[in-house]
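A quick write-up on the structure given underneath.
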Amino acid sequence: TFLDYVARISPRSAPDSFPGREAKLAYYINAYNALAMFNVIDSDFPENLNSWRKIRFFGLRRFPVGGEHMSLYSLENDVIRPLGDERVHFALNCMVVSCPRLPKVAFTPEKLDRQLEDETRRFFSEMRNLQILPDRKLVRVSSLLKFYTEDFLAKSPTLIAYINRYAPSRIPAGFETEFMEYDWTVNDRNRGVAGHASR
């Protein structure tokens with residue numbers, strides 16, 4: 001039912017229904033997450049999104065969004081990212097192990113800022129996304145920050161400065177940054193990794 005709505009209605013096709021940036025952003029985050037979930041189901045639950053599967057999943061498959069047909073790549077990079085809130089990277093879930101957790105409730109315009117703040121803090125509170133190693137003066141962080149470095153540096157002078165806005169423990173000056181390998185295994189309860197995608 002929701003995907004049928006997404007196919008027909010969007011901020012582009014019905015701008016009067018989405019007054020303000022928050023309404024647009026909440027719609028597009030929810031649409032992306034639903035389309036990614038549908039894509040996994042409709043692709044017969046691939047084991048992972050490595051190599052050519054990633055290209056097909058994100059770039060080649062197109063879905064109707066407000067009467068336009070677009071890929072998940074285009075929806076994220078041409079529509080969502082230009083709205084200018086880097087925290088969306090902690091709210092978008094492509095259904096693989098290293099993705100941010102998928103909330104059990106939809107994003108809404110009225111609560112969007114608080115929801116994005118909560119998801120960003122939650123992301124950096126998990127050891128699978130952030131590890132501070134004082135003995136080595138090293139920060140190990142999710143490759144999400146490598147994929148979208150320019151978005152985070154538009155808000156903070158360095159990646160560590162950005163992380164320090166949300167991390168439970170402050171990272172001291174002088175630490176090096178290392179990116180963790182991204183796990184493109186598709187979440188599947190039968191493989192015991194679904195907990196990474198849902199709460």
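Identifiers in the structure tokens: chain A, B, ... in order shown; residue index from 1 per chain; ligand index from 1 in order shown.
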Polymer residues at most 12 Å from region 159-165 of chain A, only C-alpha atoms, same-chain spacing of 5 or more positions, as number ranges by chain:
A: 86-87, 117, 120-125, 129-132, 138-146, 148-154, 170-179
Using DSSP on the backbone, list every residue of chain A that comes out as helix (DSSP H, G or I), and give them as a PyMOL selection string.
chain A and resi 2-8+15-17+21-42+51-60+72-83+86-90+112-125+134-136+144-147+149-153+159-164+189-191+194-196
For Gly84 (chain A), which of A:Leu25, A:Ala14, A:Leu133, A:Met180 is the closest residue, counting only C-alpha atoms?
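For Gly84 (chain A), the nearest of the candidates is A:Leu25.
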All strand (DSSP E) positions in region 24-133 of chain A, as a ChimeraX atom specification
/A:63-65,68-70,130-133
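Among the candidates A:Ala26, A:Leu75, A:Met70, A:Ala167, the residue lying nearest to Asp113 (chain A) is A:Ala26 (atoms considered: only C-alpha atoms).
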Tell me which of A:Arg128, A:Glu110, A:Val96, A:His89 sits closest to Pro19 (chain A), counting only C-alpha atoms.
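Closest to Pro19 (chain A) of all the choices is A:Glu110.
The smallest atom-to-atom distance between Ile9 (chain A) and any of A:Glu22, A:Asn30, A:Pro46, A:Gly67, using only C-alpha atoms, is found for A:Gly67.
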